[in-house]
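See structure below.
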Amino acid sequence: MATNRTFTMIKPDAVADQHIGDILAMIEHGGFRIVELQKVTLTPERAGEFYAVHKERPFYGDLVKYMSSGPIVAAILEKDNAVADFRTLIGATNPANAEEGTIRKKFAKSIEANAVHGSDSDENAQIEGAFFFKS
Ligand code: UDP
Ligand code: MG
């Protein structure tokens, strides 16, 4: 199992605001290699499936609506210690709590529209990557 990979999405707000290039640059400058990359619009059904783990949470309905509101950019990234290092690079879920210099501090608009996704474990990185990419 690849423990040196993680999965990310650039979320609809950041794509709409034309921050794809800025965010990919921060990712590459952070030492991550882009293994797979795809711009795609999720249907509400696909977004709901991706975030199924949060189905019982109060924010789930709004999150699914938001994540299917426009194109996202999905990517598989490679680096030693990828999952943990990428969570450090993106910062806290709520941008109000995100450290200076993190992607969310720079580009997130709210706790929901927080610019990027990052996998929380090697196991989920594998599952989430396979949700978008065959290889
Ligand atoms: N989210 C939200 N409200 C909350 C918590 C999370 O809208 O109170 C959204 C937000 O877009 C977040 C996603 O749901 O990125 C998944 O939540 P999680 O707790 O897994 O945060 P993450 O792993 O993305 O930091
Ligand atoms: Mg999460």
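Please note that chains go A, B, ... in the order of the structure tokens, that every chain numbers its residues from 1, and that ligands are numbered from 1 in the order shown.
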Q) Per DSSP on the backbone, what are the strand (DSSP E or B) residues of chain A, as an MDAnalysis selection string? A) chainID A and resid 5:10 33:40 72:78 116:118
Q) How would you write, as a ChimeraX atom specification, the set of residues no farther than 8 Å from ligand 2 when counting only C-alpha atoms and all ligand atoms? A) /A:117-120
Produce a file of the selected residues containing N, CA and C atoms, as a compact mmCIF listing (two decimals), in the first residue's frame.
```txt
# COMPACT_ATOMS: atom_id res chain seq x y z
N HIS A 117 -9.43 20.09 -0.14
CA HIS A 117 -9.60 18.86 0.64
C HIS A 117 -8.23 18.22 0.81
N GLY A 118 -8.03 17.53 1.92
CA GLY A 118 -6.84 16.70 2.10
C GLY A 118 -7.22 15.44 2.85
N SER A 119 -6.76 14.29 2.38
CA SER A 119 -7.09 13.02 3.04
C SER A 119 -6.58 13.02 4.48
N ASP A 120 -7.28 12.25 5.34
CA ASP A 120 -6.91 12.23 6.76
C ASP A 120 -6.16 10.97 7.18
```
(Q) Taking 3 positions as the minimum chain separation for residues in the same chain, which residues sit within 12 Å of Lys109 in chain A when counting only C-alpha atoms? Answer as a list in words. (A)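 Counting only C-alpha atoms, the residues come to Lys11, Pro12, Asp13, Ala14, Asp17, Thr93, Asn94, Pro95, Ala96, Ala98, Ile103, Arg104, Lys105, Lys106, Glu112, Ala113, Asn114, Ala115 and Val116 of chain A.
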Output file for the residues above (N, CA, C and O atoms, as a CSV table (one decimal), in the first residue's frame):
```csv
chain,number,residue,atom,x,y,z
A,11,LYS,N,-11.4,23.0,-4.2
A,11,LYS,CA,-12.9,23.0,-4.1
A,11,LYS,C,-13.5,24.1,-5.0
A,11,LYS,O,-12.7,25.0,-5.5
A,12,PRO,N,-14.8,24.1,-5.2
A,12,PRO,CA,-15.4,25.0,-6.2
A,12,PRO,C,-15.2,26.5,-6.0
A,12,PRO,O,-15.0,27.2,-7.0
A,13,ASP,N,-15.1,26.9,-4.8
A,13,ASP,CA,-14.9,28.4,-4.6
A,13,ASP,C,-13.5,28.8,-5.1
A,13,ASP,O,-13.3,29.8,-5.8
A,14,ALA,N,-12.5,28.0,-4.8
A,14,ALA,CA,-11.1,28.3,-5.2
A,14,ALA,C,-10.9,28.2,-6.7
A,14,ALA,O,-10.2,29.0,-7.4
A,17,ASP,N,-12.6,31.2,-8.3
A,17,ASP,CA,-11.8,32.4,-8.0
A,17,ASP,C,-10.5,32.4,-8.8
A,17,ASP,O,-9.6,33.3,-8.5
A,93,THR,N,-9.4,23.1,9.3
A,93,THR,CA,-10.6,23.1,8.5
A,93,THR,C,-11.3,24.5,8.5
A,93,THR,O,-11.7,24.9,7.5
A,94,ASN,N,-11.3,25.1,9.7
A,94,ASN,CA,-11.9,26.5,9.8
A,94,ASN,C,-10.7,27.4,9.5
A,94,ASN,O,-9.8,27.5,10.3
A,95,PRO,N,-10.8,28.2,8.5
A,95,PRO,CA,-9.7,29.1,8.1
A,95,PRO,C,-9.4,30.1,9.2
A,95,PRO,O,-8.2,30.6,9.3
A,96,ALA,N,-10.4,30.4,10.1
A,96,ALA,CA,-10.1,31.3,11.2
A,96,ALA,C,-9.0,30.7,12.1
A,96,ALA,O,-8.3,31.4,12.8
A,98,ALA,N,-6.6,28.5,10.9
A,98,ALA,CA,-5.5,28.0,10.1
A,98,ALA,C,-4.3,28.9,10.2
A,98,ALA,O,-4.4,30.1,10.4
A,103,ILE,N,-2.5,26.9,2.9
A,103,ILE,CA,-3.4,27.2,1.7
A,103,ILE,C,-4.8,27.7,2.2
A,103,ILE,O,-5.3,28.6,1.6
A,104,ARG,N,-5.3,27.1,3.2
A,104,ARG,CA,-6.6,27.6,3.7
A,104,ARG,C,-6.6,29.0,4.3
A,104,ARG,O,-7.5,29.8,4.1
A,105,LYS,N,-5.5,29.3,5.0
A,105,LYS,CA,-5.4,30.7,5.5
A,105,LYS,C,-5.4,31.7,4.3
A,105,LYS,O,-6.0,32.7,4.4
A,106,LYS,N,-4.8,31.3,3.2
A,106,LYS,CA,-4.6,32.2,2.1
A,106,LYS,C,-5.9,32.3,1.3
A,106,LYS,O,-6.3,33.3,0.8
A,112,GLU,N,-16.9,26.1,5.4
A,112,GLU,CA,-17.4,25.2,4.3
A,112,GLU,C,-16.6,25.4,3.1
A,112,GLU,O,-16.0,24.4,2.5
A,113,ALA,N,-16.5,26.6,2.6
A,113,ALA,CA,-15.8,26.9,1.3
A,113,ALA,C,-14.3,27.1,1.7
A,113,ALA,O,-13.9,28.3,1.7
A,114,ASN,N,-13.7,26.0,2.0
A,114,ASN,CA,-12.3,26.2,2.6
A,114,ASN,C,-11.2,25.7,1.6
A,114,ASN,O,-10.2,25.3,2.0
A,115,ALA,N,-11.5,25.9,0.3
A,115,ALA,CA,-10.5,25.9,-0.7
A,115,ALA,C,-10.0,24.6,-1.2
A,115,ALA,O,-9.8,24.3,-2.4
A,116,VAL,N,-9.6,23.7,-0.2
A,116,VAL,CA,-9.0,22.4,-0.5
A,116,VAL,C,-9.5,21.3,0.4
A,116,VAL,O,-9.8,21.6,1.6
```
Q. Neighbours of Ser121 in chain A within 10 Å (only C-alpha atoms; same-chain residues fewer than 6 positions away dropped), as a PyMOL selection string?
A. chain A and resi 3+5-7+82-84+87+127
Generate a file of the selected residues that holds N, CA and C atoms, formatted as a PDB file, in the first residue's frame.
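Output below, filename selection.pdb:
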```pdb
ATOM      1  N   THR A   3       2.076   4.461   1.088  1.00  0.00           N
ATOM      2  CA  THR A   3       1.939   5.348   2.247  1.00  0.00           C
ATOM      3  C   THR A   3       2.576   6.703   1.970  1.00  0.00           C
ATOM      4  N   ARG A   5       1.496   8.676  -0.520  1.00  0.00           N
ATOM      5  CA  ARG A   5       0.558   9.406  -1.377  1.00  0.00           C
ATOM      6  C   ARG A   5      -0.596   9.969  -0.570  1.00  0.00           C
ATOM      7  N   THR A   6      -1.119  11.093  -1.046  1.00  0.00           N
ATOM      8  CA  THR A   6      -2.364  11.613  -0.495  1.00  0.00           C
ATOM      9  C   THR A   6      -3.248  12.070  -1.649  1.00  0.00           C
ATOM     10  N   PHE A   7      -4.473  12.439  -1.307  1.00  0.00           N
ATOM     11  CA  PHE A   7      -5.435  12.868  -2.315  1.00  0.00           C
ATOM     12  C   PHE A   7      -5.939  14.259  -1.935  1.00  0.00           C
ATOM     13  N   ALA A  82       3.200  11.918   3.065  1.00  0.00           N
ATOM     14  CA  ALA A  82       2.307  12.795   2.295  1.00  0.00           C
ATOM     15  C   ALA A  82       1.058  13.225   3.062  1.00  0.00           C
ATOM     16  N   VAL A  83       0.382  12.282   3.716  1.00  0.00           N
ATOM     17  CA  VAL A  83      -0.901  12.617   4.357  1.00  0.00           C
ATOM     18  C   VAL A  83      -0.706  13.694   5.428  1.00  0.00           C
ATOM     19  N   ALA A  84       0.205  13.460   6.346  1.00  0.00           N
ATOM     20  CA  ALA A  84       0.412  14.405   7.454  1.00  0.00           C
ATOM     21  C   ALA A  84       0.993  15.722   6.950  1.00  0.00           C
ATOM     22  N   ARG A  87      -1.732  17.791   5.286  1.00  0.00           N
ATOM     23  CA  ARG A  87      -2.639  18.419   6.265  1.00  0.00           C
ATOM     24  C   ARG A  87      -1.977  19.660   6.873  1.00  0.00           C
ATOM     25  N   ILE A 127      -8.557   5.216  -0.906  1.00  0.00           N
ATOM     26  CA  ILE A 127      -9.977   5.124  -1.296  1.00  0.00           C
ATOM     27  C   ILE A 127     -10.387   6.350  -2.119  1.00  0.00           C
TER      28      ILE A 127
END
```
Q. Which is closest to Gly30 in chain A among A:Asn124, A:Thr8, A:Thr102, A:Thr43, if we use only C-alpha atoms?
A.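 Nearest to Gly30 in chain A: A:Thr102.
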Q. Which residue out of A:Ile27, A:Glu128, A:Tyr66, A:Ile76 has the minimum interatomic distance to Thr88 in chain A when only C-alpha atoms are used?
A.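 Closest candidate: A:Ile27.
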